[in-house]
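One file, coords-v3.pdb, is given below (PDB, C-alpha atoms).
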```
ATOM      1  CA  MET A 943       0.000   0.000   0.000
ATOM      2  CA  GLY A 944       1.268   3.473  -0.918
ATOM      3  CA  GLU A 945       1.379   6.488   1.335
ATOM      4  CA  GLY A 946      -2.263   7.537   1.575
ATOM      5  CA  PRO A 947      -3.636  10.939   2.583
ATOM      6  CA  GLU A 948      -4.498  11.707   6.200
ATOM      7  CA  LEU A 949      -8.114  12.131   5.186
ATOM      8  CA  VAL A 950     -10.017  10.718   2.222
ATOM      9  CA  VAL A 951     -13.593  11.625   1.350
ATOM     10  CA  ALA A 952     -15.810  10.081  -1.323
ATOM     11  CA  SER A 953     -19.480  10.475  -2.203
ATOM     12  CA  ALA A 954     -21.973   8.533  -4.297
ATOM     13  CA  PRO A 955     -25.562   9.168  -5.400
ATOM     14  CA  GLY A 956     -28.668   7.273  -4.510
ATOM     15  CA  LYS A 957     -30.817   5.803  -7.221
ATOM     16  CA  CYS A 958     -34.419   5.696  -8.270
ATOM     17  CA  ILE A 959     -35.770   2.805 -10.333
ATOM     18  CA  LEU A 960     -38.087   4.056 -13.062
ATOM     19  CA  PHE A 961     -38.985   0.593 -14.361
ATOM     20  CA  GLY A 962     -38.456  -3.062 -13.619
ATOM     21  CA  GLU A 963     -37.824  -3.556  -9.889
ATOM     22  CA  HIS A 964     -38.135  -7.179  -8.710
ATOM     23  CA  ALA A 965     -38.347  -8.378 -12.339
ATOM     24  CA  VAL A 966     -34.707  -7.354 -12.841
ATOM     25  CA  VAL A 967     -33.631 -10.079 -10.391
ATOM     26  CA  TYR A 968     -35.043 -12.589 -12.912
ATOM     27  CA  GLY A 969     -33.278 -11.180 -15.975
ATOM     28  CA  GLN A 970     -35.937  -8.714 -17.156
ATOM     29  CA  PRO A 971     -34.848  -5.204 -18.212
ATOM     30  CA  ALA A 972     -34.903  -2.339 -15.761
ATOM     31  CA  VAL A 973     -34.083   1.368 -15.835
ATOM     32  CA  ALA A 974     -32.639   3.416 -12.961
ATOM     33  CA  VAL A 975     -31.442   6.997 -12.617
ATOM     34  CA  ALA A 976     -28.854   8.474 -10.290
ATOM     35  CA  ILE A 977     -30.568  11.076  -8.092
ATOM     36  CA  GLU A 978     -29.203  14.327  -6.685
ATOM     37  CA  GLN A 979     -29.276  13.020  -3.103
ATOM     38  CA  ARG A 980     -25.868  11.623  -2.099
ATOM     39  CA  LEU A 981     -24.081   9.741   0.670
ATOM     40  CA  THR A 982     -20.612  10.883   1.772
ATOM     41  CA  VAL A 983     -17.957   8.790   3.543
ATOM     42  CA  SER A 984     -14.902  10.325   5.208
ATOM     43  CA  MET A 985     -12.052   8.143   6.470
ATOM     44  CA  THR A 986      -9.394   9.262   8.942
ATOM     45  CA  PRO A 987      -6.556   7.317  10.664
ATOM     46  CA  ALA A 988      -7.589   5.818  14.014
ATOM     47  CA  THR A 989      -6.515   3.301  16.644
ATOM     48  CA  SER A 990      -9.235   0.823  15.591
ATOM     49  CA  TRP A 991     -11.758   0.386  12.786
ATOM     50  CA  SER A 992     -15.024   2.179  13.501
ATOM     51  CA  VAL A 993     -18.160   3.464  11.775
ATOM     52  CA  ASP A 994     -19.701   6.639  13.191
ATOM     53  CA  GLY A 995     -18.076   5.991  16.570
ATOM     54  CA  SER A 996     -19.050   2.294  16.876
ATOM     55  CA  ALA A 997     -16.675  -0.615  16.323
ATOM     56  CA  LEU A 998     -16.776  -2.053  12.806
ATOM     57  CA  ASP A 999     -19.095  -5.076  13.063
ATOM     58  CA  GLU A1000     -19.240  -7.679  10.284
ATOM     59  CA  ASN A1001     -22.933  -8.382  10.963
ATOM     60  CA  LYS A1002     -23.944  -4.725  11.134
ATOM     61  CA  HIS A1003     -21.657  -3.500   8.333
ATOM     62  CA  PRO A1004     -21.264  -6.428   5.877
ATOM     63  CA  HIS A1005     -20.595  -4.136   2.884
ATOM     64  CA  ILE A1006     -17.834  -2.203   4.647
ATOM     65  CA  THR A1007     -16.193  -5.294   6.133
ATOM     66  CA  MET A1008     -16.032  -7.047   2.770
ATOM     67  CA  LEU A1009     -14.506  -4.023   1.005
ATOM     68  CA  LYS A1010     -11.990  -3.528   3.813
ATOM     69  CA  ASP A1011     -10.891  -7.167   3.590
ATOM     70  CA  ILE A1012     -10.307  -6.776  -0.158
ATOM     71  CA  TRP A1013      -8.421  -3.474  -0.230
ATOM     72  CA  LEU A1014      -7.200  -2.615   3.260
ATOM     73  CA  HIS A1015      -6.739  -6.014   4.927
ATOM     74  CA  GLU A1016      -3.209  -5.217   6.174
ATOM     75  CA  ALA A1017      -3.711  -1.464   6.436
ATOM     76  CA  PRO A1018      -3.732   0.636   9.601
ATOM     77  CA  PRO A1019      -7.254   1.121  11.022
ATOM     78  CA  MET A1020      -9.480   3.995   9.960
ATOM     79  CA  ALA A1021     -12.492   5.749  11.410
ATOM     80  CA  LEU A1022     -15.375   6.065   8.955
ATOM     81  CA  HIS A1023     -17.952   8.821   9.181
ATOM     82  CA  ILE A1024     -21.076   8.607   7.048
ATOM     83  CA  SER A1025     -23.358  11.514   6.183
ATOM     84  CA  GLY A1026     -25.800  12.422   3.467
ATOM     85  CA  ASP A1027     -29.395  12.961   2.463
ATOM     86  CA  ILE A1028     -30.406   9.526   1.142
ATOM     87  CA  PRO A1029     -32.948   8.058   3.573
ATOM     88  CA  ARG A1030     -32.066   4.518   4.719
ATOM     89  CA  ALA A1031     -34.103   1.388   3.874
ATOM     90  CA  SER A1032     -36.340   3.399   1.553
ATOM     91  CA  GLY A1033     -35.599   1.959  -1.888
ATOM     92  CA  LEU A1034     -33.251   4.775  -2.917
ATOM     93  CA  GLY A1035     -30.057   2.726  -2.947
ATOM     94  CA  SER A1036     -28.509   3.925   0.307
ATOM     95  CA  SER A1037     -26.600   0.674   0.833
ATOM     96  CA  ALA A1038     -25.204   0.682  -2.717
ATOM     97  CA  ALA A1039     -24.207   4.333  -2.326
ATOM     98  CA  LEU A1040     -22.428   3.324   0.885
ATOM     99  CA  SER A1041     -20.619   0.470  -0.891
ATOM    100  CA  SER A1042     -19.677   2.755  -3.791
ATOM    101  CA  ALA A1043     -18.401   5.613  -1.646
ATOM    102  CA  VAL A1044     -16.555   3.333   0.815
ATOM    103  CA  GLY A1045     -15.093   1.348  -2.087
ATOM    104  CA  ALA A1046     -13.857   4.488  -3.844
ATOM    105  CA  ALA A1047     -12.299   5.821  -0.627
ATOM    106  CA  MET A1048     -10.621   2.497   0.255
ATOM    107  CA  HIS A1049      -9.356   1.955  -3.294
ATOM    108  CA  HIS A1050      -7.865   5.459  -3.211
ATOM    109  CA  LEU A1051      -6.122   4.710   0.104
ATOM    110  CA  ALA A1052      -4.730   1.447  -1.276
ATOM    111  CA  HIS A1053      -3.808   2.871  -4.698
ATOM    112  CA  PRO A1054      -3.537   6.666  -4.449
ATOM    113  CA  GLU A1055      -1.769   6.792  -7.797
ATOM    114  CA  LYS A1056      -4.807   5.369  -9.614
ATOM    115  CA  GLY A1057      -8.129   7.001 -10.456
ATOM    116  CA  ILE A1058     -11.532   5.463  -9.838
ATOM    117  CA  ASP A1059     -11.865   2.088 -11.586
ATOM    118  CA  ARG A1060     -15.615   2.278 -12.202
ATOM    119  CA  ASP A1061     -15.931  -1.185 -13.732
ATOM    120  CA  GLY A1062     -14.049  -2.845 -10.864
ATOM    121  CA  LEU A1063     -15.762  -0.741  -8.210
ATOM    122  CA  SER A1064     -19.275  -1.464  -9.466
ATOM    123  CA  ALA A1065     -18.457  -5.200  -9.637
ATOM    124  CA  LEU A1066     -17.290  -5.184  -6.016
ATOM    125  CA  ALA A1067     -20.227  -3.053  -4.895
ATOM    126  CA  HIS A1068     -22.568  -5.566  -6.549
ATOM    127  CA  ARG A1069     -20.853  -8.424  -4.716
ATOM    128  CA  ALA A1070     -21.194  -6.512  -1.454
ATOM    129  CA  GLU A1071     -24.926  -5.971  -2.127
ATOM    130  CA  ALA A1072     -25.464  -9.671  -2.877
ATOM    131  CA  HIS A1073     -23.481 -10.624   0.235
ATOM    132  CA  ALA A1074     -25.800  -8.443   2.337
ATOM    133  CA  GLN A1075     -29.028  -9.616   0.630
ATOM    134  CA  GLY A1076     -28.892 -13.383   0.941
ATOM    135  CA  GLY A1077     -27.314 -13.944  -2.465
ATOM    136  CA  ARG A1078     -30.012 -12.123  -4.452
ATOM    137  CA  ALA A1079     -29.140  -8.732  -5.896
ATOM    138  CA  SER A1080     -29.136  -7.273  -9.365
ATOM    139  CA  PRO A1081     -26.218  -4.953 -10.237
ATOM    140  CA  MET A1082     -28.725  -2.126 -10.719
ATOM    141  CA  ASP A1083     -28.073  -0.150  -7.536
ATOM    142  CA  ALA A1084     -24.298  -0.574  -7.599
ATOM    143  CA  SER A1085     -23.902   0.343 -11.278
ATOM    144  CA  THR A1086     -26.180   3.388 -11.014
ATOM    145  CA  SER A1087     -24.395   4.705  -7.928
ATOM    146  CA  VAL A1088     -20.941   4.203  -9.448
ATOM    147  CA  GLU A1089     -21.678   5.301 -13.027
ATOM    148  CA  GLY A1090     -24.320   7.976 -12.495
ATOM    149  CA  GLY A1091     -26.681   9.091 -15.272
ATOM    150  CA  VAL A1092     -29.294   6.587 -16.452
ATOM    151  CA  VAL A1093     -28.450   2.879 -16.260
ATOM    152  CA  VAL A1094     -30.264   0.117 -18.143
ATOM    153  CA  LEU A1095     -30.038  -3.569 -17.243
ATOM    154  CA  SER A1096     -31.145  -6.325 -19.589
ATOM    155  CA  ASP A1097     -30.625 -10.025 -20.247
ATOM    156  CA  HIS A1098     -29.007  -9.172 -23.601
ATOM    157  CA  LYS A1099     -27.035  -6.325 -25.185
ATOM    158  CA  GLU A1100     -29.458  -3.593 -26.194
ATOM    159  CA  THR A1101     -29.135  -1.286 -29.202
ATOM    160  CA  ILE A1102     -29.868   1.776 -27.059
ATOM    161  CA  GLY A1103     -27.282   3.628 -25.006
ATOM    162  CA  LYS A1104     -23.718   2.482 -24.481
ATOM    163  CA  TRP A1105     -23.090  -1.091 -23.373
ATOM    164  CA  MET A1106     -20.606  -1.110 -20.483
ATOM    165  CA  TYR A1107     -20.139  -4.625 -19.069
ATOM    166  CA  THR A1108     -21.647  -8.011 -18.228
ATOM    167  CA  ARG A1109     -22.481  -8.974 -14.653
ATOM    168  CA  GLN A1110     -23.169 -12.495 -13.399
ATOM    169  CA  LEU A1111     -24.323 -13.842 -10.051
ATOM    170  CA  THR A1112     -25.237 -17.290  -8.794
ATOM    171  CA  THR A1113     -28.454 -16.799  -6.802
ATOM    172  CA  PRO A1114     -30.461 -19.380  -4.821
ATOM    173  CA  GLU A1115     -32.691 -19.687  -7.930
ATOM    174  CA  GLY A1116     -29.791 -20.229 -10.341
ATOM    175  CA  LYS A1117     -27.213 -18.252 -12.301
ATOM    176  CA  ARG A1118     -28.222 -14.796 -13.515
ATOM    177  CA  THR A1119     -26.568 -12.692 -16.207
ATOM    178  CA  TRP A1120     -27.161  -8.994 -16.823
ATOM    179  CA  GLU A1121     -25.885  -6.673 -19.548
ATOM    180  CA  VAL A1122     -25.341  -3.154 -18.168
ATOM    181  CA  HIS A1123     -25.792  -0.057 -20.346
ATOM    182  CA  LYS A1124     -25.652   3.686 -19.787
ATOM    183  CA  LEU A1125     -27.585   6.360 -21.623
ATOM    184  CA  THR A1126     -28.006  10.103 -21.554
ATOM    185  CA  PRO A1127     -31.659  11.136 -21.487
ATOM    186  CA  HIS A1128     -33.112  14.119 -23.334
ATOM    187  CA  HIS A1129     -32.809  17.144 -21.082
ATOM    188  CA  ASP A1130     -36.268  18.516 -20.573
ATOM    189  CA  ASP A1131     -38.035  20.591 -17.950
ATOM    190  CA  ILE A1132     -38.880  17.407 -16.100
ATOM    191  CA  TYR A1133     -38.331  16.305 -12.506
ATOM    192  CA  LEU A1134     -38.606  13.306 -10.260
ATOM    193  CA  VAL A1135     -40.293  13.862  -6.922
ATOM    194  CA  LEU A1136     -39.633  11.072  -4.449
ATOM    195  CA  GLY A1137     -42.123  10.581  -1.652
ATOM    196  CA  ASN A1138     -40.806   8.763   1.414
ATOM    197  CA  THR A1139     -43.407   6.951   3.524
ATOM    198  CA  GLY A1140     -41.006   6.717   6.461
ATOM    199  CA  VAL A1141     -41.781   2.991   6.661
ATOM    200  CA  HIS A1142     -38.547   0.975   6.637
ATOM    201  CA  ALA A1143     -38.739  -1.950   4.239
ATOM    202  CA  PRO A1144     -35.492  -3.938   3.909
ATOM    203  CA  THR A1145     -34.855  -5.003   0.313
ATOM    204  CA  ALA A1146     -33.809  -8.554   1.211
ATOM    205  CA  LYS A1147     -37.158  -9.264   2.900
ATOM    206  CA  GLN A1148     -39.164  -7.995  -0.089
ATOM    207  CA  VAL A1149     -37.023  -9.860  -2.641
ATOM    208  CA  THR A1150     -37.408 -13.088  -0.647
ATOM    209  CA  MET A1151     -41.177 -12.590  -0.441
ATOM    210  CA  VAL A1152     -41.435 -12.351  -4.242
ATOM    211  CA  ALA A1153     -39.146 -15.379  -4.674
ATOM    212  CA  ASP A1154     -41.376 -17.393  -2.321
ATOM    213  CA  ALA A1155     -44.540 -16.306  -4.182
ATOM    214  CA  LEU A1156     -43.042 -17.393  -7.513
ATOM    215  CA  ALA A1157     -41.912 -20.716  -6.055
ATOM    216  CA  ALA A1158     -45.416 -21.356  -4.706
ATOM    217  CA  ASP A1159     -47.065 -20.489  -8.042
ATOM    218  CA  PRO A1160     -44.671 -20.632 -11.033
ATOM    219  CA  SER A1161     -47.371 -19.223 -13.355
ATOM    220  CA  ARG A1162     -46.843 -15.853 -11.660
ATOM    221  CA  MET A1163     -43.598 -15.575 -13.625
ATOM    222  CA  ASN A1164     -45.923 -14.147 -16.324
ATOM    223  CA  GLU A1165     -46.290 -11.072 -14.097
ATOM    224  CA  ILE A1166     -42.508 -10.732 -13.987
ATOM    225  CA  LYS A1167     -42.385 -10.939 -17.807
ATOM    226  CA  ALA A1168     -45.144  -8.331 -18.082
ATOM    227  CA  ILE A1169     -43.066  -5.933 -15.970
ATOM    228  CA  GLY A1170     -40.201  -6.499 -18.421
ATOM    229  CA  THR A1171     -42.463  -5.658 -21.381
ATOM    230  CA  VAL A1172     -43.569  -2.406 -19.722
ATOM    231  CA  ALA A1173     -39.961  -1.537 -18.880
ATOM    232  CA  ARG A1174     -39.012  -1.844 -22.581
ATOM    233  CA  ARG A1175     -41.871   0.446 -23.567
ATOM    234  CA  GLY A1176     -40.870   2.986 -20.919
ATOM    235  CA  LEU A1177     -37.223   2.834 -21.944
ATOM    236  CA  ALA A1178     -38.069   3.481 -25.607
ATOM    237  CA  ALA A1179     -40.150   6.500 -24.558
ATOM    238  CA  LEU A1180     -37.309   7.803 -22.355
ATOM    239  CA  VAL A1181     -34.819   7.586 -25.241
ATOM    240  CA  GLN A1182     -37.240   9.518 -27.468
ATOM    241  CA  GLY A1183     -37.861  12.152 -24.793
ATOM    242  CA  ASP A1184     -41.593  11.326 -24.780
ATOM    243  CA  TYR A1185     -42.198  11.892 -21.089
ATOM    244  CA  GLU A1186     -45.990  11.473 -21.349
ATOM    245  CA  ALA A1187     -45.374   7.900 -22.559
ATOM    246  CA  VAL A1188     -42.745   7.422 -19.831
ATOM    247  CA  GLY A1189     -45.388   8.398 -17.279
ATOM    248  CA  HIS A1190     -47.955   5.957 -18.716
ATOM    249  CA  ALA A1191     -45.418   3.116 -18.492
ATOM    250  CA  MET A1192     -44.656   4.039 -14.868
ATOM    251  CA  ILE A1193     -48.351   3.735 -13.991
ATOM    252  CA  GLU A1194     -48.606   0.332 -15.723
ATOM    253  CA  ASN A1195     -45.466  -0.830 -13.936
ATOM    254  CA  HIS A1196     -46.938   0.172 -10.583
ATOM    255  CA  LEU A1197     -50.169  -1.774 -11.156
ATOM    256  CA  LEU A1198     -48.140  -4.914 -11.891
ATOM    257  CA  LEU A1199     -46.002  -4.406  -8.769
ATOM    258  CA  ARG A1200     -49.131  -3.870  -6.696
ATOM    259  CA  ASN A1201     -50.513  -7.171  -8.007
ATOM    260  CA  LEU A1202     -47.249  -8.843  -6.930
ATOM    261  CA  GLY A1203     -48.040  -7.710  -3.395
ATOM    262  CA  VAL A1204     -45.103  -5.348  -2.858
ATOM    263  CA  SER A1205     -47.006  -2.089  -2.425
ATOM    264  CA  SER A1206     -48.413  -0.868   0.910
ATOM    265  CA  PRO A1207     -51.239   1.381   2.138
ATOM    266  CA  GLU A1208     -48.731   4.152   2.892
ATOM    267  CA  LEU A1209     -47.303   3.995  -0.638
ATOM    268  CA  GLU A1210     -50.770   3.990  -2.189
ATOM    269  CA  THR A1211     -51.722   7.106  -0.182
ATOM    270  CA  LEU A1212     -48.729   9.074  -1.492
ATOM    271  CA  ILE A1213     -49.195   7.784  -5.046
ATOM    272  CA  GLN A1214     -52.841   8.878  -5.029
ATOM    273  CA  ALA A1215     -51.859  12.320  -3.694
ATOM    274  CA  ALA A1216     -49.140  12.882  -6.331
ATOM    275  CA  ALA A1217     -51.050  11.542  -9.344
ATOM    276  CA  PRO A1218     -53.125  14.652 -10.267
ATOM    277  CA  SER A1219     -50.021  16.830 -10.777
ATOM    278  CA  SER A1220     -47.821  14.138 -12.349
ATOM    279  CA  LEU A1221     -47.259  12.413 -15.697
ATOM    280  CA  GLY A1222     -46.689   9.087 -13.939
ATOM    281  CA  VAL A1223     -46.429   7.660 -10.423
ATOM    282  CA  LYS A1224     -45.255   4.357  -8.988
ATOM    283  CA  LEU A1225     -43.482   2.781  -6.048
ATOM    284  CA  THR A1226     -39.726   2.677  -6.502
ATOM    285  CA  GLY A1227     -37.390   0.058  -5.081
ATOM    286  CA  ALA A1228     -38.386  -3.076  -3.248
ATOM    287  CA  GLY A1229     -41.716  -1.741  -1.943
ATOM    288  CA  GLY A1230     -43.490  -2.643   1.284
ATOM    289  CA  GLY A1231     -42.811   0.918   2.398
ATOM    290  CA  GLY A1232     -39.914   3.115   1.413
ATOM    291  CA  CYS A1233     -40.546   5.492  -1.474
ATOM    292  CA  MET A1234     -42.743   6.264  -4.436
ATOM    293  CA  VAL A1235     -41.683   8.384  -7.402
ATOM    294  CA  ALA A1236     -43.593  10.886  -9.486
ATOM    295  CA  LEU A1237     -42.534  12.188 -12.901
ATOM    296  CA  THR A1238     -43.666  15.794 -13.029
ATOM    297  CA  ARG A1239     -43.227  19.201 -14.662
ATOM    298  CA  ASP A1240     -44.421  20.904 -11.460
ATOM    299  CA  PRO A1241     -42.214  19.577  -8.658
ATOM    300  CA  LYS A1242     -43.419  22.182  -6.157
ATOM    301  CA  GLN A1243     -47.085  21.209  -6.492
ATOM    302  CA  THR A1244     -46.286  17.486  -6.469
ATOM    303  CA  SER A1245     -44.023  17.830  -3.410
ATOM    304  CA  GLU A1246     -46.667  19.769  -1.501
ATOM    305  CA  ALA A1247     -49.298  17.123  -2.304
ATOM    306  CA  ILE A1248     -47.002  14.350  -1.041
ATOM    307  CA  GLU A1249     -46.199  16.217   2.171
ATOM    308  CA  LEU A1250     -49.865  17.030   2.817
ATOM    309  CA  ALA A1251     -50.531  13.283   2.549
ATOM    310  CA  GLY A1252     -47.931  12.588   5.249
ATOM    311  CA  GLY A1253     -44.859  11.826   3.148
ATOM    312  CA  ARG A1254     -41.475  13.492   2.948
ATOM    313  CA  ALA A1255     -40.619  14.785  -0.529
ATOM    314  CA  LEU A1256     -37.245  14.937  -2.281
ATOM    315  CA  ILE A1257     -36.777  16.543  -5.704
ATOM    316  CA  SER A1258     -34.230  15.480  -8.309
ATOM    317  CA  HIS A1259     -33.441  15.961 -11.971
ATOM    318  CA  ILE A1260     -33.070  12.788 -14.031
ATOM    319  CA  GLY A1261     -29.516  11.466 -14.080
ATOM    320  CA  ASN A1262     -26.718  12.889 -11.901
ATOM    321  CA  GLU A1263     -22.987  12.371 -11.373
ATOM    322  CA  GLY A1264     -21.808   8.984 -10.108
ATOM    323  CA  VAL A1265     -19.274   8.210  -7.380
ATOM    324  CA  ARG A1266     -16.482  10.767  -6.936
ATOM    325  CA  LEU A1267     -13.567  11.551  -4.655
ATOM    326  CA  GLU A1268     -14.122  14.751  -2.725
ATOM    327  CA  SER A1269     -10.583  14.982  -1.289
TER
END
```
What would you get if you wrote out this structure as C-alpha cells?
Amino acid sequence: MGEGPELVVASAPGKCILFGEHAVVYGQPAVAVAIEQRLTVSMTPATSWSVDGSALDENKHPHITMLKDIWLHEAPPMALHISGDIPRASGLGSSAALSSAVGAAMHHLAHPEKGIDRDGLSALAHRAEAHAQGGRASPMDASTSVEGGVVVLSDHKETIGKWMYTRQLTTPEGKRTWEVHKLTPHHDDIYLVLGNTGVHAPTAKQVTMVADALAADPSRMNEIKAIGTVARRGLAALVQGDYEAVGHAMIENHLLLRNLGVSSPELETLIQAAAPSSLGVKLTGAGGGGCMVALTRDPKQTSEAIELAGGRALISHIGNEGVRLES
C-alpha cells in the first residue's frame, strides 16, 4: 500500500428505479437513474476500525467489512464517518451508495496513484450488495451509484445507449446474467419527486417474499415478464424524450407491482396524492414501504401534495454524477 492521505472523502448518489424492480432479479430489463441526493464517507486514521463511533461489526456492516478485507486487509485502522441525504431502507439505494463511496475511498487509500476504476468498483459493490441480501441482488443499484446518469439492465445487449459490461451472479434460484448499459436522457423541464413513507422496508425481505410467491405459483412468472415488457416500452419513450409515454409506463409498472403484493397502504396514499399533478407515479425500489416516485413538470405542487398526505418529498433531476472523490 502506498502512502495515503491523512483524510479521504468520497461520495456517491442514490438511485431511483423508473422501471423493472423485482423483475430485474429474474433477468428482465430495468431502468434506474442516479438522483441528486448523495451519501458521503470520510475516512481518517484511528486506533481501531469504527463506523460513526461504533466498532466495525461484520454483521452490522457487511458491505464495509467485505470491502476492507479486499483493499485494506493489512492497512492501519481507519475511522469512517457517514453523512448524506439519502434516507435509509427506503428503496433509494442507500446501501449501494455506501458500498460505492466506501469502495472508492478504500481503493484510493490502497492505490492513491490510480483514479476510480468504475468497472471494478461497481463489480465489487454488486458483490457486497449480494453478500448483504442473501445472495439475491441485481447490479442495478451498484452500477447506477458508481456510473451515475441513467443505467439500463437487460438479459441481452441492447441497441440503445452504451453497453458497459456483463455482470453475473449465482443466486439461490440459479445463475443470472445482466448486460449493463448507460444512456443520456433528453434534457427537458422534467423532474422526479420522491415521496418517502417513512416505513422501513429492507430489500432482502421484499425480494425473498417475491421469490417465495413465484416458487409457490410458477405461473406468476408471467407477471414478472409483463413488468419487463412495460420496462421496454418505458425505456423506448425515455430515449425519445416522450415523457408522457414514460409516465404511462410508470403507472402500468406500478399496477403490476401492486398485483405482486409489494405495495403498501402508505405507498398507495402518497401515489394517489401525487397523481393529479404528475405524468406518472409508482413505487420505486423493493416496496413494502420506502418510497414512491412521481414524474412531473411541477415539482413544487407534487411535493406539496405528497407532504400534505404525510410523506417526505425529495426533488431530483433525471440522471446525476456517479461516485467521486471529494478529497
Can you tell me which residues surround Gly995 (chain A) at a distance of at most 10 Å, considering only C-alpha atoms, apart from same-chain residues fewer than 5 positions away, and format the answer as a ChimeraX atom specification? /A:1021-1023
Could you tell me, as a CSV table (one decimal) with C-alpha atoms, in the coordinates of the input, exactly which residues end up selected when the PyMOL selection byres ((chain A and resi 1030) around 10) is applied to this structure?
```csv
chain,number,residue,atom,x,y,z
A,1027,ASP,CA,-29.4,13.0,2.5
A,1028,ILE,CA,-30.4,9.5,1.1
A,1029,PRO,CA,-32.9,8.1,3.6
A,1031,ALA,CA,-34.1,1.4,3.9
A,1032,SER,CA,-36.3,3.4,1.6
A,1033,GLY,CA,-35.6,2.0,-1.9
A,1034,LEU,CA,-33.3,4.8,-2.9
A,1035,GLY,CA,-30.1,2.7,-2.9
A,1036,SER,CA,-28.5,3.9,0.3
A,1037,SER,CA,-26.6,0.7,0.8
A,1140,GLY,CA,-41.0,6.7,6.5
A,1142,HIS,CA,-38.5,1.0,6.6
A,1143,ALA,CA,-38.7,-2.0,4.2
A,1144,PRO,CA,-35.5,-3.9,3.9
A,1232,GLY,CA,-39.9,3.1,1.4
```
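The gap separating CA of Ala1228 (chain A) from CA of Trp1120 (chain A) is 18.6 Å, in Å to one decimal.
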Which is closer to Gln1214 (chain A) than all the others in A:Gly1227, A:Pro1018, A:Gly1253, A:Pro1160, using all atoms listed in the file? A:Gly1253
Just so the selection is clear, what residues does the PyMOL selection byres ((chain A and resi 1060) around 12) cover here, as a short mmCIF file (atom, residue, chain, number, x, y, z; two decimals) with C-alpha atoms, in the coordinates of the input?
```
data_model
loop_
_atom_site.label_atom_id
_atom_site.label_comp_id
_atom_site.auth_asym_id
_atom_site.auth_seq_id
_atom_site.Cartn_x
_atom_site.Cartn_y
_atom_site.Cartn_z
CA ALA A 954 -21.97 8.53 -4.30
CA SER A 1042 -19.68 2.76 -3.79
CA ALA A 1043 -18.40 5.61 -1.65
CA GLY A 1045 -15.09 1.35 -2.09
CA ALA A 1046 -13.86 4.49 -3.84
CA HIS A 1049 -9.36 1.96 -3.29
CA LYS A 1056 -4.81 5.37 -9.61
CA GLY A 1057 -8.13 7.00 -10.46
CA ILE A 1058 -11.53 5.46 -9.84
CA ASP A 1059 -11.86 2.09 -11.59
CA ASP A 1061 -15.93 -1.18 -13.73
CA GLY A 1062 -14.05 -2.84 -10.86
CA LEU A 1063 -15.76 -0.74 -8.21
CA SER A 1064 -19.27 -1.46 -9.47
CA ALA A 1065 -18.46 -5.20 -9.64
CA LEU A 1066 -17.29 -5.18 -6.02
CA ALA A 1067 -20.23 -3.05 -4.89
CA HIS A 1068 -22.57 -5.57 -6.55
CA ALA A 1084 -24.30 -0.57 -7.60
CA SER A 1085 -23.90 0.34 -11.28
CA THR A 1086 -26.18 3.39 -11.01
CA SER A 1087 -24.40 4.70 -7.93
CA VAL A 1088 -20.94 4.20 -9.45
CA GLU A 1089 -21.68 5.30 -13.03
CA GLY A 1090 -24.32 7.98 -12.50
CA MET A 1106 -20.61 -1.11 -20.48
CA TYR A 1107 -20.14 -4.62 -19.07
CA GLY A 1264 -21.81 8.98 -10.11
CA VAL A 1265 -19.27 8.21 -7.38
CA ARG A 1266 -16.48 10.77 -6.94
#
```
Excluding same-chain residues fewer than 5 positions from Gly1103 (chain A), what lies within 10 Å of it counting only C-alpha atoms, as a ChimeraX atom specification? /A:1092-1094,1122-1127,1181
If the PyMOL selection byres ((chain A and resi 1097) around 6) is run on the structure shown, which residues does it catch, given as a PyMOL selection string? chain A and resi 969+1096+1098+1120-1121
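Residues with any atom within 8 Å of Asn1195 (chain A), counting only C-alpha atoms and excluding same-chain neighbours fewer than 3 positions away, are Phe961, Gly962, Ile1169, Val1172, Ala1173, Ala1191, Met1192, Leu1198, Leu1199 and Lys1224 of chain A.
Between CA of Leu1212 (chain A) and CA of Leu1136 (chain A) lies a distance of 9.8 Å.
The residue that comes closest to Ala1155 (chain A), out of A:Val951, A:Ile1193, A:Leu1256, A:Leu1202 and on the basis of all atoms listed in the file, is A:Leu1202.
Note that the spacing between CA of Ala1217 (chain A) and CA of Glu1246 (chain A) amounts to 12.2 Å.
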Around (-23.2, -11.3, -12.4) in the file's own coordinates, what residues are found within 10 Å if you use all atoms listed in the file, given back as an mmCIF file with C-alpha atoms, in the frame of the given file?
```
data_model
loop_
_atom_site.group_PDB
_atom_site.id
_atom_site.type_symbol
_atom_site.label_atom_id
_atom_site.label_comp_id
_atom_site.auth_asym_id
_atom_site.auth_seq_id
_atom_site.Cartn_x
_atom_site.Cartn_y
_atom_site.Cartn_z
ATOM 1 C CA ALA A 1065 -18.457 -5.200 -9.637
ATOM 2 C CA HIS A 1068 -22.568 -5.566 -6.549
ATOM 3 C CA ARG A 1069 -20.853 -8.424 -4.716
ATOM 4 C CA ALA A 1072 -25.464 -9.671 -2.877
ATOM 5 C CA ALA A 1079 -29.140 -8.732 -5.896
ATOM 6 C CA SER A 1080 -29.136 -7.273 -9.365
ATOM 7 C CA PRO A 1081 -26.218 -4.953 -10.237
ATOM 8 C CA TYR A 1107 -20.139 -4.625 -19.069
ATOM 9 C CA THR A 1108 -21.647 -8.011 -18.228
ATOM 10 C CA ARG A 1109 -22.481 -8.974 -14.653
ATOM 11 C CA GLN A 1110 -23.169 -12.495 -13.399
ATOM 12 C CA LEU A 1111 -24.323 -13.842 -10.051
ATOM 13 C CA THR A 1112 -25.237 -17.290 -8.794
ATOM 14 C CA THR A 1113 -28.454 -16.799 -6.802
ATOM 15 C CA LYS A 1117 -27.213 -18.252 -12.301
ATOM 16 C CA ARG A 1118 -28.222 -14.796 -13.515
ATOM 17 C CA THR A 1119 -26.568 -12.692 -16.207
ATOM 18 C CA TRP A 1120 -27.161 -8.994 -16.823
ATOM 19 C CA GLU A 1121 -25.885 -6.673 -19.548
#
```
